[in-house]
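Here the structure is laid out as C-alpha cells; the discussion comes afterwards.
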Amino acid sequence: MDKKENTNQPILQVKNISKVFPGVKALTDISIDFYPGEVHALLGENGAGKSTLIKIISGVYTPTEGKVIFENQEKHYKNPGEALDCGISVIHQELSIANELSVAENIYVGREPSTGKKGFILNRKRMEQDAQKALDFMGVDIKSTDIAGKLSAAQQQMIEIAKVITRNSKLVIMDEPTSSLSDSEIEALFKQVELLKKNNVAIIYITHRLKELPVIADRVTILRDGQFVKSCLFKDITEAEIVANMVGREISDYYNQQEHTRRKEMLRVENLTVEGLFKDISFTAYQGEILGVAGLVGAKRTEVMETIFADRKKTSGKVYVQGEEVHLKSPRDAIAHKIGFVTEDRRRTGLMLEASIKNNIVLPSLKMTKKKGGILNPKWEKQVCDEYFGKLKIKAPNMNTLIKNLSGGNQQKVILAKWLVAQSEILILDEPTRGIDVNAKAEFYGLMNAFVEEGGCIVMVSSEMPEILGVSDRVMVMREGVKCGELAKEEATEYRIMQLASIQSEA
Amino acid sequence: MDCCNPYRMKVKGEVTMEKLKEWSKKNAVVIVLLGLIVFFGIANKTFLTPTNVINITAQMSINALLCVGITYVIITGGIDISIGSVAAFAGIFAAYLGLKFPDAPLVIILFIQIGSAVLIGGICGLFNGIMIAKFKVVAMIATLAMMTMARGLAYVITDGQPVYGLPDSFAWLGAGRLLKTESVPLGIIPIITIFTIIIVVLMHLLLTKTVFGRHVFAVGSNEKVAHLSGINVDWVKIRAHIICSIMAALGGVCVTSKLNNGQPAACDAYEMYAIAATVLGGTSFLGGIGSVLRAMIGCAIIAIINNGMNLMQISSYWQKVIMGLIILLAVIVDMAQKREKD
Amino acid sequence: MKKRMMGIILSAALAATTLAVPAAVHAEAEGGAEEAYQVGFIVGSREHVFYNLIESAIKEKCEELGIEALCYDGELDANIQSNHIENLVAMKVDAIALATVDAAGVGPAIKAADAAGIPVFTFDSGCDTVDCIVSHVGTDNVKGGELGAEVVQDLLGEEGGKVGFIGNPASAACLDRENGFLTTMEKVDNIEVEFNGNYQGDANVAASLVQDWLTADPELDAIFCAGDPAASGALASIKSAGASTLIIGYDGNPEAIDAIYAKDGDGKWWVSEISQNPPLIGSTIVEQIHKYLTEGKVDAEQIPIDPYIIDYDYIVEEGLK
C-alpha cells in the first residue's frame, strides 16, 4: 500500500468553513486539504459535523463562512449537480439504485448517451457498451444488461463506483460504504478504492469502523462537535489516539469488561429448527452471563432469536425457560415467561416513533398493572418512567417527549427500559449498539453488565467483532443457519470466530 | 446512519418552537370553527339564537356517533367505508322490530333501539374485523363488501319499502326533548344531544384511560412493535371494528328514531362526512394519532356549515362546492401531518 | 364513486346470471308449443318504491297478456342500463322497455337495439336523444308541480302566506316538478316561496333543512316536497318544532296515504299528496307493447299519465283505507 508523504498540490481545500443552522452551529472554522491519489478518512462521532462538511463539499449546503477551493478555483455551487459536473461524486450509504432498470441505465441515469438531431433518441447500444467497459475495467463480474434489483448490495455498490469511473470524477466521497457488506465484499470494495487511487482520484472516506483504517486510509481527519481536532497521516497515529480524539477522552474500559459469575440455567434451546431457515440450533444461556452470538450476514441469527421469542413459528425443537419446557405461541407468551427482545431495527420494529417515551416504555407492561376494568394506572406509569429515566440516564426533556426526537442511544435505552419494566429476566439483544455513538455504546454496555450482575441473562447477537469479544462471556458462532461452534471467553479470538463463521467445517 | 444531522440539533434547540407550531397547526381547526361561528353569527341573525345552537348540536349528533366509531378504526391504521350502510341496516332493523311492538312502553322501545344497534353493529363489525385481521383482506375492500351487503340487507328486510307507522315512543330518542316548559311545550334540550354527549364521553374515556385504548394507539403506531410487545393485534383490530360498527348502528337507529320512519336509502355516503370530520379533528390516516373529542370539532364544523348555509339560503349547489373544499382542507391537514411523520 | 364500485361488483354477478338465465329461458320457450312474446324491462332502480310498484304492475299485466317479462334493475346507472340492453339484444327479445336514467348515456345502446330490429319503449323517464322510441309512457311531472301549486293555493286561501320547496335537482323528474311548481307560484301574488332546498334523496337531510327553515321562520305555512322521503323528514322536524306547517308530498306511496288518513295524527301536517300512478304506468306500457307486437302500432308516441291529488276526502271516497 502506498503511504508515502504526498507532496503534490491538494485537489480540494476547505478554508475556515463555518456553517450555522438556525439555532445551532454545525461547523466552526474547519480547514482541511485533500490530495489526489489519497484516501482521506473523515472520523468523528455522530453529530461531529462530518455530514455537514461533505454536504458543503458536494454542493448541498452553502457554507456560512469560508471557502471551498477545488482545483485551485474558489467554487460556489448552487446545487449538487454543479459539483457533480466539476467532478465531485458522492456514494451514499443508502445506494440510489433504481431496481427495475438495467445496470447500464443506472450508471448513465440522467446523462444517457443519445443520438438524433436534438439528442432525443437513446443510444442504448453505446450506453451498454460504455457501461460494460467500465465494469470490465473494474474487473467485476457484472453484465451491463443485468437488472440492478437482482444484484446483491455489494454488486449494487459496484454500480455506484462504475458511475464514478464513467463520470471521470476527481473526488469521490464515500459515506460509510461498508456498513451493509460482508467481509469478502468489503475486500472487493477496497480493491476498487485502490484502483481509483491509482488513477489519482481523491477519496474522502467516512466510516465508523476503525479497523478498516489500517487497510485503506492514508490520512485521517478527526472532527468533534463541529470543530477540527486533528489531521495527520494515518501512520502517525494509533487507534487509541483516534478514539481518544473522537470522544475527547481516553476510554480506558470501553467495553466495561467485567467478570460475571454464571449461575443457574435460564434459557435452553434444543434442536430448534425452522424449515428453510435454520436447523438444529441448541444452546444454553445462564443467569449472570452474556452469551454472544456471532456470524456473518446470512447466518440467520436474527431468525433464531425471533423464533425463540415466538414471533416466528418453529418447525421443531424445544425451548426451556428456567429448566421448564415452554410452548410459546406468540410474543405475549414469551413476555409472560420474562423474555424481552430488543430487535435489530429500532425504528421499524422497536419503537412507536410517533408516541411518547412513556407510552413506549410501559407498552408491554400495561396488562400487568391495570386496575379493575382495564383502567390505566397513570401514577404507576409516571413512577416507573421516573425510576428508569434515572437508572438508565435517559436524556430527554421529559417522559412525554416523542421518541422520534431522541438520539439513537437514548432510543435504545428506552427500549431497554421497556423490557426492564416488563420484568424481563432473559434479554435477547439483536445488534444492540448499531448506529449509536461511542459514548452511548459504552454506557449501554454498562447497563448490560448491571442487568447481568443483578441476576439477568443476556443473549446478544452482534456483527461487530470487537463488541462480541469485548462483552460476551461465551460466544456461539453460526453460519448459514447452522451452529458451528461455541467458544469460552478465553478461546474466543477474532481469528477463531471468523474461522468458524466463514469457513466450511470439516464435518 | 447519518453521522452528523444538523436537523436533529436544530430540533433539540427549538423544542418550544416545534411545540408552538404543533399547537397552532392542531388548533388551526379550532380557529376555522371559531371563524365560521363569527362569520355566520354576523351574516345571519338567527344563527346564534339559543334555538338554533341547540338545533346544531342535535343535527351533528348522528355524524358525531359515526365519527366516534371510525376514529377508533382510523387510529389503528384502518378504514371503514361501510358505516353509512351499516347505519341504514341497523336503523331499518330497529324500525322493523319497532313495528312489531306498537304498544310497548318507552323502556322496551329503547331496549329494542339500543339492542338492534349493538346486535347489527356487533355482527357487521365482527365480520369486518375478522375479514381484515384474520383473512388479511385489505380494509378498503372488506368494508366495501360490507357496504354493499349491509345496504342490500336493509332493502331485503323491508322489500325496498320505507318502514312507517312506528309508535310515537320510537321517536323519543331521536326527536324528543327534555325540559318542557309552558312556553316551550315540546322541551328544550334534545335527547339525542344528551345521548351523543354521553356516548362521546364514554368512548373518549375508553380510548384514553384504558389499556385497550392504549393498545388501539399502539397497533396504529407500529403494528410490529405492538405484536412484539405482547399485544394481540388481531383482537385489538377486531374490537375496534366492532366499536366502529356499533357506533354507526347507533347513528342509524337515531336517524330512524328522529324521522320516526325507517328509510332503507338512509345515511347514504355518510361515511364521507364521518371520515372528513375525523380527519379534520387531527386523526391521521397513518394511524397512531387521533382523538374522539377533537373529531367533534370536525363534526361541529361540518354541521355549522350546513346549518349556516341553510339559514342563509345559499343554493344547494354551492353548499356542495363548499363542503368539498372543507373535505379538501381535511386532506391537506392530514398531509401536513404525514409530511411531519416522514 | 360508490355507486360505480358497487356497479362493478354487481355487474360481474349480473353477467353471470344473464349468461345463465337466457339459456334456460330459451330452452323452455323453444320447447313450448306456442312461443310467448319475450319482453325485457329495465326499471330505474329497485331501491325505489315507485319503481317497485311499476315493476309489479308490469309483471301482473304481462302475465295477463301472456307475455314473458324479464325484469332488470337499472341501479340508476346509465352504464348498467346499457349493459342490460346489450344483453337483451343478444337474447333476441321481442321488445325492450326501460326507465332511462341518463338519456344521453343509454342513447347508443338504444340505437343498437333498434338497429338489431328490436323495438324500444320508455316509461317514467324518456330518451330524447334518439328518435327510435316507439312510445313513451310517463307521468307529466310539470303538471304534477302545477297541481302542487294549486293545492298550496287552496290550503292557504285568500290570506296567502309563505311556503318552502324541497327538491332534488339531480333527478330530471324532480326538476320538472320544481319548474311546474315555481312557474305557477310566480303568478300568485299573495304567496311567497321563501325557501328552496335540496334534500339529495335523504330524509335526514330534509329534516335538517326544515329544522333550519323553521328556526329562521317559525311561521312557515306550507312545504311542497318533490318526493315522499323529503315529506317524511319534513314531518319529523315540524313535529319536533311544534310548528303547524302543512306538508304536500309527491309520489303517492302507501306511507303518505297512511299519514294523510291519520287526521288527528300526522294528517294534521301532511295534508295532501300529488300522486303519480305507477301501476297505471306499468300496465299502460305493457298494453302498448302488446299492441305493437300484435297489431304493429301504438296509441301515441307520448302517453302522459296524469298525476292526481290525494287528500283525506279522496282516500275516504276511493276506499283506499
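Labels used: A, B, ... for chains in the order of the C-alpha cells, numbers from 1 for residues in each chain, and numbers from 1 for ligands as shown.
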
Residues of chain B within 6 Å of chain A, counting only C-alpha atoms, what are they? List them as a tab-separated table (two decimals) with N, CA and C atoms, in the first residue's frame.
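Printed below is result.tsv as written:
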```
chain	number	residue	atom	x	y	z
B	3	CYS	N	-24.13	10.67	10.09
B	3	CYS	CA	-23.23	10.83	11.23
B	3	CYS	C	-23.28	12.24	11.80
B	4	CYS	N	-23.85	13.15	11.04
B	4	CYS	CA	-23.94	14.50	11.58
B	4	CYS	C	-25.22	15.10	11.07
B	209	LYS	N	-58.22	6.19	28.73
B	209	LYS	CA	-57.95	5.79	30.10
B	209	LYS	C	-57.84	4.28	30.29
B	210	THR	N	-57.93	3.53	29.23
B	210	THR	CA	-57.89	2.09	29.43
B	210	THR	C	-56.72	1.45	28.66
B	211	VAL	N	-56.40	0.27	29.10
B	211	VAL	CA	-55.35	-0.50	28.43
B	211	VAL	C	-55.73	-0.74	26.98
B	221	SER	N	-49.69	2.85	15.73
B	221	SER	CA	-48.35	3.45	15.68
B	221	SER	C	-47.38	2.54	14.98
B	222	ASN	N	-47.37	1.29	15.38
B	222	ASN	CA	-46.44	0.34	14.80
B	222	ASN	C	-46.93	-1.06	15.15
B	224	LYS	N	-46.00	-3.96	14.26
B	224	LYS	CA	-44.97	-4.95	14.59
B	224	LYS	C	-44.51	-4.78	16.04
B	225	VAL	N	-44.28	-3.54	16.42
B	225	VAL	CA	-43.85	-3.28	17.79
B	225	VAL	C	-44.94	-3.72	18.76
B	228	LEU	N	-44.79	-7.45	19.04
B	228	LEU	CA	-43.61	-7.88	19.80
B	228	LEU	C	-43.69	-7.46	21.25
B	229	SER	N	-44.61	-6.54	21.57
B	229	SER	CA	-44.78	-6.14	22.97
B	229	SER	C	-45.90	-6.94	23.62
B	230	GLY	N	-46.32	-8.00	22.95
B	230	GLY	CA	-47.27	-8.93	23.55
B	230	GLY	C	-48.72	-8.55	23.37
```

Practice prompt. Apply DSSP to the structure's backbone, then extract all residues of stretch 28-119 of chain A labelled strand (DSSP E or B) and return them as a count of residues only.
Written response: 27

Fill in: stretch 258-271 of chain C environment, 6 Å, only C-alpha atoms, sequence neighbours closer than 4 positions dropped, as a PyMOL selection string
chain C and resi 246-247+312

Could those residues be written to a file, using C-alpha atoms, as a CSV table (one decimal), in the first residue's frame?
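Wrote it out as result.csv, contents follow:
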```csv
chain,number,residue,atom,x,y,z
C,246,LEU,CA,-98.5,21.9,6.3
C,247,ILE,CA,-96.9,19.4,4.0
C,312,TYR,CA,-108.3,12.8,3.2
```

Worksheet item: Can you tell me, as a ChimeraX atom specification, what residues are no more than 6 Å from B:Ser316 when counting only C-alpha atoms, ignoring any on the same chain fewer than 2 positions away?
Response: /B:318-319 /C:198

Could I get the residues of chain C with an atom no further than 7 Å from an atom of chain B, each paired with its nearest atom pair and that distance in Å to one decimal, using only C-alpha atoms, sorted by chain and residue number, as a tab-separated table?
```
residue	atom	partner	partner_atom	distance
C:Met6	CA	B:Thr148	CA	6.7
C:Glu47	CA	B:Gly160	CA	5.6
C:His48	CA	B:Gly160	CA	6.6
C:Val49	CA	B:Gln161	CA	5.7
C:Phe195	CA	B:Gln313	CA	7.0
C:Gly197	CA	B:Ser316	CA	6.5
C:Asn198	CA	B:Ser316	CA	5.8
C:Asp202	CA	B:Ala266	CA	6.0
C:Ala203	CA	B:Ala266	CA	6.9
C:Asn204	CA	B:Val255	CA	6.7
C:Ser208	CA	B:Gln59	CA	6.6
C:Leu209	CA	B:Asn310	CA	6.4
C:Asp212	CA	B:Leu311	CA	6.0
C:Trp213	CA	B:Leu311	CA	6.5
C:Thr215	CA	B:Asn52	CA	6.3
C:Ala216	CA	B:Thr46	CA	5.9
C:Ser232	CA	B:Leu259	CA	6.6
C:Gly233	CA	B:Leu259	CA	5.7
C:Ala236	CA	B:Leu259	CA	5.0
C:Ser240	CA	B:Ala175	CA	6.1
C:Gly242	CA	B:Leu186	CA	6.6
C:Glu255	CA	B:Tyr164	CA	6.2
```

Excluding stretch 113-120 of chain C and its own-chain neighbours fewer than 4 positions away, which residues fall within 8 Å of it when counting only C-alpha atoms? Please give them as a PDB file with C-alpha atoms, in the first residue's frame.
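Generated output (around_6.pdb):
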```pdb
ATOM      1  CA  ILE C  85     -79.878  -3.522 -23.137  1.00  0.00           C
ATOM      2  CA  GLU C  86     -76.951  -5.217 -24.862  1.00  0.00           C
ATOM      3  CA  VAL C  89     -80.377  -7.668 -27.670  1.00  0.00           C
ATOM      4  CA  LYS C  92     -83.154 -11.558 -29.167  1.00  0.00           C
ATOM      5  CA  VAL C  93     -86.139 -10.475 -27.063  1.00  0.00           C
ATOM      6  CA  ASP C  94     -89.209  -9.173 -28.872  1.00  0.00           C
ATOM      7  CA  ALA C  95     -89.132  -5.725 -27.281  1.00  0.00           C
ATOM      8  CA  ILE C  96     -87.312  -3.698 -24.645  1.00  0.00           C
ATOM      9  CA  ALA C  97     -88.808  -1.116 -22.284  1.00  0.00           C
ATOM     10  CA  LEU C  98     -86.819   0.974 -19.873  1.00  0.00           C
ATOM     11  CA  ALA C 109     -77.391   1.195 -26.603  1.00  0.00           C
ATOM     12  CA  CYS C 132     -86.407   5.480 -32.490  1.00  0.00           C
ATOM     13  CA  ILE C 133     -88.500   5.196 -29.312  1.00  0.00           C
ATOM     14  CA  VAL C 134     -91.751   3.575 -30.302  1.00  0.00           C
ATOM     15  CA  SER C 135     -93.719   5.021 -27.418  1.00  0.00           C
TER      16      SER C 135
END
```

Practice prompt. Fewer than 4 positions away in the same chain doesn't count, so skip those; otherwise give me all residues within 10 Å of A:Asp236, counting only C-alpha atoms, as a PyMOL selection string.
Written response: chain A and resi 219-220+232

Write out, as an mmCIF file, in the first residue's frame, the residues just selected, with N, CA and C atoms.
```cif
data_model
loop_
_atom_site.group_PDB
_atom_site.id
_atom_site.type_symbol
_atom_site.label_atom_id
_atom_site.label_comp_id
_atom_site.auth_asym_id
_atom_site.auth_seq_id
_atom_site.Cartn_x
_atom_site.Cartn_y
_atom_site.Cartn_z
ATOM 1 N N ARG A 219 -4.654 9.078 5.224
ATOM 2 C CA ARG A 219 -4.662 10.292 6.027
ATOM 3 C C ARG A 219 -5.971 10.308 6.807
ATOM 4 N N VAL A 220 -5.947 10.835 7.994
ATOM 5 C CA VAL A 220 -7.193 10.918 8.752
ATOM 6 C C VAL A 220 -7.406 12.339 9.258
ATOM 7 N N CYS A 232 -3.813 14.216 10.193
ATOM 8 C CA CYS A 232 -2.439 13.741 10.056
ATOM 9 C C CYS A 232 -2.412 12.500 9.178
#
```
